[in-house]
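Trainee: Contents of structure.csv (CSV, C-alpha atoms):
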chain,number,residue,atom,x,y,z
A,1,MET,CA,0.0,0.0,0.0
A,2,ALA,CA,1.4,3.4,-1.0
A,3,PRO,CA,2.2,5.8,1.9
A,4,MET,CA,-0.3,8.5,2.7
A,5,ALA,CA,0.4,11.7,0.8
A,6,THR,CA,0.3,15.1,2.5
A,7,HIS,CA,-1.5,18.0,0.7
A,8,LEU,CA,-1.7,21.7,1.4
A,9,ILE,CA,-4.7,23.4,-0.1
A,10,THR,CA,-5.9,27.0,-0.3
A,11,GLY,CA,-9.5,27.9,-1.1
A,12,ALA,CA,-11.0,24.7,0.5
A,13,GLY,CA,-14.0,26.6,1.9
A,14,SER,CA,-16.1,26.3,-1.3
A,15,GLY,CA,-16.2,25.3,-4.9
A,16,ILE,CA,-13.2,23.5,-6.5
A,17,GLY,CA,-11.1,23.7,-3.4
A,18,GLU,CA,-13.8,22.1,-1.3
A,19,ALA,CA,-14.3,19.3,-3.8
A,20,VAL,CA,-10.6,18.5,-3.9
A,21,ALA,CA,-10.2,18.6,-0.1
A,22,ARG,CA,-13.1,16.1,0.3
A,23,ARG,CA,-11.8,13.8,-2.3
A,24,LEU,CA,-8.4,13.7,-0.8
A,25,LEU,CA,-9.7,13.2,2.8
A,26,ASP,CA,-12.1,10.5,1.6
A,27,ARG,CA,-9.2,8.4,0.3
A,28,GLY,CA,-7.3,8.7,3.5
A,29,ASP,CA,-4.6,11.3,2.6
A,30,GLU,CA,-3.4,13.9,5.1
A,31,VAL,CA,-4.8,17.3,4.3
A,32,HIS,CA,-3.8,20.8,5.6
A,33,LEU,CA,-6.2,23.6,4.8
A,34,PHE,CA,-5.3,27.3,4.8
A,35,ALA,CA,-7.6,29.7,6.5
A,36,ARG,CA,-7.5,33.5,6.6
A,37,ASP,CA,-7.9,33.7,10.4
A,38,ALA,CA,-8.5,31.6,13.5
A,39,GLY,CA,-12.3,31.8,13.3
A,40,ARG,CA,-12.3,30.5,9.7
A,41,ALA,CA,-9.8,27.8,10.7
A,42,ARG,CA,-12.3,26.5,13.3
A,43,GLU,CA,-15.1,26.5,10.7
A,44,LEU,CA,-12.9,24.5,8.3
A,45,ALA,CA,-11.9,22.0,11.0
A,46,ALA,CA,-15.6,21.4,11.7
A,47,ALA,CA,-16.5,21.1,8.1
A,48,PHE,CA,-13.6,18.7,7.3
A,49,PRO,CA,-13.2,16.2,10.1
A,50,GLY,CA,-9.7,14.8,10.1
A,51,ALA,CA,-8.2,17.8,8.3
A,52,HIS,CA,-5.5,20.1,9.7
A,53,THR,CA,-5.6,23.9,9.4
A,54,LEU,CA,-3.1,26.6,9.0
A,55,VAL,CA,-3.8,30.3,9.4
A,56,ALA,CA,-2.5,32.3,6.6
A,57,ASP,CA,-4.2,35.4,5.1
A,58,LEU,CA,-3.7,35.4,1.4
A,59,ALA,CA,-4.7,39.1,1.3
A,60,ASN,CA,-1.4,39.9,3.1
A,61,PRO,CA,1.4,38.0,1.4
A,62,ASP,CA,4.1,40.0,3.3
A,63,ARG,CA,2.8,38.4,6.5
A,64,LEU,CA,2.6,34.8,5.4
A,65,SER,CA,6.1,33.8,6.5
A,66,TRP,CA,5.6,35.5,9.9
A,67,ALA,CA,2.3,33.7,10.4
A,68,LEU,CA,3.5,30.3,9.4
A,69,ASP,CA,6.6,30.6,11.6
A,70,LYS,CA,4.3,30.6,14.6
A,71,GLN,CA,2.5,27.4,13.7
A,72,SER,CA,3.2,23.7,13.6
A,73,LEU,CA,3.8,22.8,10.0
A,74,PRO,CA,3.6,19.3,8.4
A,75,ASP,CA,6.8,17.3,8.4
A,76,ARG,CA,6.4,16.6,4.7
A,77,VAL,CA,4.6,18.2,1.7
A,78,ASP,CA,3.7,16.1,-1.4
A,79,THR,CA,1.4,18.6,-3.1
A,80,LEU,CA,0.7,22.3,-2.7
A,81,LEU,CA,-2.6,23.2,-4.3
A,82,HIS,CA,-3.3,26.9,-5.0
A,83,ILE,CA,-7.0,27.0,-5.5
A,84,ALA,CA,-8.1,30.2,-3.7
A,85,GLY,CA,-8.9,33.3,-5.8
A,86,VAL,CA,-10.7,36.6,-5.8
A,87,VAL,CA,-12.4,38.5,-8.6
A,88,ASP,CA,-13.7,42.0,-9.1
A,89,LEU,CA,-14.8,43.0,-12.5
A,90,GLY,CA,-14.4,46.5,-13.9
A,91,ASP,CA,-13.0,48.5,-16.8
A,92,VAL,CA,-9.4,49.7,-16.7
A,93,GLY,CA,-10.7,53.3,-16.6
A,94,GLU,CA,-12.6,52.5,-13.4
A,95,LEU,CA,-10.4,50.1,-11.3
A,96,THR,CA,-8.5,51.7,-8.5
A,97,PRO,CA,-5.1,50.6,-7.0
A,98,LYS,CA,-7.0,49.1,-4.1
A,99,THR,CA,-8.7,46.6,-6.4
A,100,TRP,CA,-5.5,45.9,-8.3
A,101,ASN,CA,-3.4,45.3,-5.2
A,102,ALA,CA,-6.0,43.1,-3.5
A,103,THR,CA,-6.4,41.0,-6.7
A,104,LEU,CA,-2.7,40.6,-7.3
A,105,ALA,CA,-2.0,39.8,-3.6
A,106,ALA,CA,-4.5,37.0,-3.4
A,107,ASN,CA,-4.2,35.5,-6.9
A,108,LEU,CA,-0.5,35.9,-7.6
A,109,VAL,CA,1.8,37.2,-4.9
A,110,SER,CA,0.5,34.8,-2.2
A,111,PRO,CA,0.8,31.7,-4.3
A,112,ALA,CA,4.4,32.7,-5.2
A,113,GLU,CA,5.2,33.3,-1.5
A,114,LEU,CA,3.6,30.0,-0.3
A,115,THR,CA,5.5,28.2,-3.0
A,116,ARG,CA,8.7,29.8,-1.9
A,117,LEU,CA,8.1,28.8,1.7
A,118,PHE,CA,7.3,25.2,1.1
A,119,LEU,CA,9.6,24.6,-1.8
A,120,PRO,CA,12.4,23.0,0.3
A,121,GLN,CA,9.9,20.3,1.5
A,122,LEU,CA,8.6,19.8,-2.0
A,123,ARG,CA,12.1,19.2,-3.3
A,124,VAL,CA,12.6,16.5,-0.7
A,125,THR,CA,9.5,14.6,-1.7
A,126,LYS,CA,9.8,15.4,-5.4
A,127,GLY,CA,6.4,16.9,-4.9
A,128,HIS,CA,3.8,18.7,-7.0
A,129,VAL,CA,2.6,22.3,-7.2
A,130,VAL,CA,-0.8,22.8,-8.8
A,131,PHE,CA,-2.0,26.3,-9.8
A,132,VAL,CA,-5.7,26.5,-10.5
A,133,ASN,CA,-5.7,29.2,-13.0
A,134,SER,CA,-8.6,30.2,-15.3
A,135,GLY,CA,-9.6,30.6,-18.9
A,136,ALA,CA,-8.9,34.3,-18.1
A,137,GLY,CA,-5.2,33.3,-17.7
A,138,LEU,CA,-5.1,32.6,-21.4
A,139,HIS,CA,-7.5,35.2,-22.8
A,140,ALA,CA,-8.3,38.6,-21.4
A,141,HIS,CA,-11.7,40.2,-22.1
A,142,ALA,CA,-13.3,43.6,-21.5
A,143,GLY,CA,-14.0,44.2,-17.9
A,144,TRP,CA,-11.7,41.5,-16.6
A,145,SER,CA,-8.3,43.2,-16.6
A,146,ALA,CA,-7.3,42.9,-13.0
A,147,TYR,CA,-8.4,39.3,-12.7
A,148,ALA,CA,-7.0,38.3,-16.1
A,149,ALA,CA,-3.7,40.1,-15.4
A,150,SER,CA,-3.3,38.2,-12.1
A,151,LYS,CA,-4.0,34.9,-13.8
A,152,HIS,CA,-1.7,35.6,-16.8
A,153,GLY,CA,0.9,36.3,-14.1
A,154,LEU,CA,0.1,33.0,-12.4
A,155,LYS,CA,0.7,31.2,-15.7
A,156,ALA,CA,4.1,32.9,-15.9
A,157,LEU,CA,4.9,31.9,-12.3
A,158,ALA,CA,4.0,28.3,-13.0
A,159,ASP,CA,6.0,28.2,-16.2
A,160,SER,CA,9.1,29.7,-14.6
A,161,LEU,CA,8.8,27.4,-11.5
A,162,ARG,CA,8.5,24.4,-13.8
A,163,ALA,CA,11.7,25.3,-15.7
A,164,GLU,CA,13.6,26.0,-12.4
A,165,GLU,CA,12.5,22.9,-10.5
A,166,HIS,CA,12.3,20.2,-13.1
A,167,ALA,CA,15.8,18.9,-12.4
A,168,ALA,CA,14.8,18.7,-8.7
A,169,GLY,CA,11.9,16.4,-9.6
A,170,VAL,CA,9.2,18.9,-8.6
A,171,ARG,CA,6.2,18.7,-11.0
A,172,VAL,CA,4.2,21.9,-11.8
A,173,THR,CA,0.7,21.9,-13.3
A,174,SER,CA,-1.6,24.7,-14.3
A,175,VAL,CA,-5.3,24.0,-14.6
A,176,TYR,CA,-7.5,26.4,-16.6
A,177,PRO,CA,-11.2,25.8,-15.8
A,178,GLY,CA,-13.8,27.6,-17.7
A,179,ARG,CA,-16.8,28.9,-15.9
A,180,THR,CA,-17.5,26.7,-12.9
A,181,ALA,CA,-20.5,26.6,-10.6
A,182,THR,CA,-18.9,28.1,-7.5
A,183,PRO,CA,-19.7,31.1,-5.2
A,184,MET,CA,-17.2,33.1,-7.2
A,185,GLN,CA,-19.2,32.5,-10.4
A,186,ALA,CA,-22.4,33.6,-8.6
A,187,LYS,CA,-20.6,36.8,-7.7
A,188,VAL,CA,-19.4,37.3,-11.3
A,189,HIS,CA,-22.9,36.9,-12.6
A,190,GLN,CA,-24.1,39.5,-10.1
A,191,GLN,CA,-21.4,41.9,-11.2
A,192,GLU,CA,-22.3,41.2,-14.8
A,193,GLY,CA,-26.0,41.8,-14.1
A,194,LYS,CA,-26.9,38.3,-15.4
A,195,GLU,CA,-29.1,35.6,-13.9
A,196,TYR,CA,-27.0,32.8,-12.5
A,197,ASP,CA,-27.9,29.2,-13.3
A,198,PRO,CA,-25.3,26.8,-11.9
A,199,SER,CA,-26.5,23.9,-14.0
A,200,GLN,CA,-25.1,25.7,-17.1
A,201,TRP,CA,-21.5,25.6,-15.9
A,202,ILE,CA,-18.9,23.0,-14.9
A,203,ASP,CA,-19.5,21.1,-11.6
A,204,PRO,CA,-16.6,21.8,-9.2
A,205,ALA,CA,-16.3,18.0,-8.8
A,206,SER,CA,-15.4,17.6,-12.5
A,207,VAL,CA,-12.5,20.1,-12.1
A,208,ALA,CA,-11.5,18.2,-8.9
A,209,SER,CA,-11.3,15.1,-11.0
A,210,THR,CA,-8.9,16.7,-13.4
A,211,ILE,CA,-6.7,18.0,-10.6
A,212,LEU,CA,-6.5,14.5,-9.0
A,213,LEU,CA,-5.6,13.1,-12.5
A,214,ALA,CA,-2.6,15.4,-12.6
A,215,ILE,CA,-1.3,14.7,-9.1
A,216,ASP,CA,-1.9,10.9,-9.3
A,217,LEU,CA,-0.1,10.6,-12.7
A,218,PRO,CA,2.9,8.1,-12.5
A,219,ARG,CA,6.2,9.8,-12.0
A,220,ASP,CA,7.4,9.1,-15.6
A,221,ALA,CA,5.0,11.8,-16.8
A,222,GLU,CA,3.8,15.4,-16.0
A,223,ILE,CA,0.8,17.3,-17.0
A,224,ASN,CA,2.0,20.9,-17.6
A,225,ASP,CA,-1.2,22.6,-18.7
A,226,LEU,CA,-4.8,21.4,-18.5
A,227,SER,CA,-7.8,23.3,-19.9
A,228,VAL,CA,-11.3,22.3,-18.7
A,229,ARG,CA,-14.2,23.8,-20.6
A,230,PRO,CA,-18.0,23.6,-20.0
A,231,GLY,CA,-19.4,20.4,-21.7
A,232,ARG,CA,-22.9,21.7,-22.0
Kindly present the structure from the file in structure tokens form.

Mentor:
Amino acid sequence: MAPMATHLITGAGSGIGEAVARRLLDRGDEVHLFARDAGRARELAAAFPGAHTLVADLANPDRLSWALDKQSLPDRVDTLLHIAGVVDLGDVGELTPKTWNATLAANLVSPAELTRLFLPQLRVTKGHVVFVNSGAGLHAHAGWSAYAASKHGLKALADSLRAEEHAAGVRVTSVYPGRTATPMQAKVHQQEGKEYDPSQWIDPASVASTILLAIDLPRDAEINDLSVRPGR
């Protein structure tokens, strides 16, 4: 029987992150969930029996190292799954630095910083870093500049990391889901002034299946980029 793997997950509170966390827990793996504060950590611990929690506010990447230094961290890390994200729509002529900074902090700078902090452990295990990106990370549309820029940057981060760490045996995968039935998608529809029908979009469980496909792939292969589009 293969040894139990240890996974670190951001964004487990809903949507794709929740689906991934439940799948990994259900199969007996060790799961550590990032929470923005102690109250949220208690909520996640109650919602995911058997999971561990780490308090790390992705809105403040400068404080991540300080926060994690004060907590008990897992002895090993097999996969680091960056699934959390924020979105605020708006035209370039309207968006303020506050929106830009908040979007880039959560969607790009914090994933880079968490990767830096756990990279030594990932090198030891020849682990895997998964970046859940977006279709917006490949194509930018009107009204999506801040989010798309953060996701284009996340693609560049993943590509650079892959080139840097391939020799160390660290695998890096970017997943680009189309519109998925998550709370974020409900918010997007509200901002767009459109009616939201979750049945029209990808089920988060389907995206979770693609993520598990990537991390469960035998060591002789690596999925670099994986696009997932609505099938309806």

Trainee: Would you give me, as JSON lines, each residue of range 49-75 of chain A having an atom within 10 Å of an atom of range 18-25 of chain A, along with its shortest atom pair and that distance in Å to one decimal, using all atoms listed in the file and sorting by chain and residue number?

Mentor:
{"residue": "A:Pro49", "atom": "CA", "partner": "A:Leu25", "partner_atom": "CA", "distance": 8.6}
{"residue": "A:Gly50", "atom": "CA", "partner": "A:Leu25", "partner_atom": "CA", "distance": 7.5}
{"residue": "A:Ala51", "atom": "CA", "partner": "A:Leu25", "partner_atom": "CA", "distance": 7.3}

Trainee: Would you tabulate, counting all atoms listed in the file, all residues of range 129-186 of chain A that have an atom at most 10 Å from an atom of range 77-82 of chain A, showing the closest pair of atoms and their distance in Å to one decimal, sorted by chain then ascending number, as JSON lines?

Mentor:
{"residue": "A:Val129", "atom": "CA", "partner": "A:Leu80", "partner_atom": "CA", "distance": 4.9}
{"residue": "A:Val130", "atom": "CA", "partner": "A:Leu81", "partner_atom": "CA", "distance": 4.9}
{"residue": "A:Phe131", "atom": "CA", "partner": "A:His82", "partner_atom": "CA", "distance": 5.0}
{"residue": "A:Val132", "atom": "CA", "partner": "A:His82", "partner_atom": "CA", "distance": 6.0}
{"residue": "A:Asn133", "atom": "CA", "partner": "A:His82", "partner_atom": "CA", "distance": 8.7}
{"residue": "A:Val170", "atom": "CA", "partner": "A:Asp78", "partner_atom": "CA", "distance": 9.5}
{"residue": "A:Arg171", "atom": "CA", "partner": "A:Thr79", "partner_atom": "CA", "distance": 9.2}
{"residue": "A:Val172", "atom": "CA", "partner": "A:Thr79", "partner_atom": "CA", "distance": 9.7}
{"residue": "A:Thr173", "atom": "CA", "partner": "A:Leu81", "partner_atom": "CA", "distance": 9.7}
{"residue": "A:Ser174", "atom": "CA", "partner": "A:His82", "partner_atom": "CA", "distance": 9.7}

Trainee: Return the single residue from A:Ala38, A:Val109, A:Met4, A:Leu114 that is closest to Leu68 in chain A, with distances computed using only C-alpha atoms.

Mentor: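 Ranked by minimum distance to Leu68 in chain A, first place goes to A:Leu114.
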
Trainee: Using only C-alpha atoms, can you tell me which of A:Glu113, A:Asp29, A:Glu43, A:Glu94 comes closest to Trp66 in chain A?

Mentor: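 Ranking A:Glu113, A:Asp29, A:Glu43, A:Glu94 by distance to Trp66 in chain A, first place goes to A:Glu113.
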
Trainee: Name all residues at most 10 Å from Ala35 in chain A (count all atoms listed in the file; drop same-chain ones fewer than 2 positions away) and give them as a ChimeraX atom specification.

Mentor: /A:9-13,32-33,37-45,53-58

Trainee: Can you write out the residues you just picked, keeping C-alpha atoms, as a short mmCIF file (atom, residue, chain, number, x, y, z; two decimals), in the coordinates of the input?

Mentor:
data_model
loop_
_atom_site.label_atom_id
_atom_site.label_comp_id
_atom_site.auth_asym_id
_atom_site.auth_seq_id
_atom_site.Cartn_x
_atom_site.Cartn_y
_atom_site.Cartn_z
CA ILE A 9 -4.70 23.40 -0.10
CA THR A 10 -5.90 27.00 -0.30
CA GLY A 11 -9.50 27.90 -1.10
CA ALA A 12 -11.00 24.70 0.50
CA GLY A 13 -14.00 26.60 1.90
CA HIS A 32 -3.80 20.80 5.60
CA LEU A 33 -6.20 23.60 4.80
CA ASP A 37 -7.90 33.70 10.40
CA ALA A 38 -8.50 31.60 13.50
CA GLY A 39 -12.30 31.80 13.30
CA ARG A 40 -12.30 30.50 9.70
CA ALA A 41 -9.80 27.80 10.70
CA ARG A 42 -12.30 26.50 13.30
CA GLU A 43 -15.10 26.50 10.70
CA LEU A 44 -12.90 24.50 8.30
CA ALA A 45 -11.90 22.00 11.00
CA THR A 53 -5.60 23.90 9.40
CA LEU A 54 -3.10 26.60 9.00
CA VAL A 55 -3.80 30.30 9.40
CA ALA A 56 -2.50 32.30 6.60
CA ASP A 57 -4.20 35.40 5.10
CA LEU A 58 -3.70 35.40 1.40
#

Trainee: From the options A:Ala136, A:Leu104, A:Leu64, A:Leu8, which residue's atoms come nearest to Gln121 in chain A, counting only C-alpha atoms?

Mentor: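 The answer is A:Leu8, which sits nearest to Gln121 in chain A.
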
Trainee: My list of candidates is A:Val31, A:Leu89, A:Ala67, A:Ala47. Which is closest to His189 in chain A when distances are computed with all atoms listed in the file?

Mentor: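 Answer, going by the shortest atom-to-atom distance: A:Leu89.
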
Trainee: Rank A:Ala158, A:Ile83, A:Leu119, A:Ala46 by their smallest atom-to-atom distance to Gly15 in chain A, using all atoms listed in the file, and report the top residue only.

Mentor: A:Ile83

Trainee: Name the closest residue to Gly135 in chain A among the candidates A:Leu117, A:Leu217, A:Ala148, A:Leu95; distances are taken between atoms, counting only C-alpha atoms.

Mentor: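 Distance minimum relative to Gly135 in chain A lands on A:Ala148.
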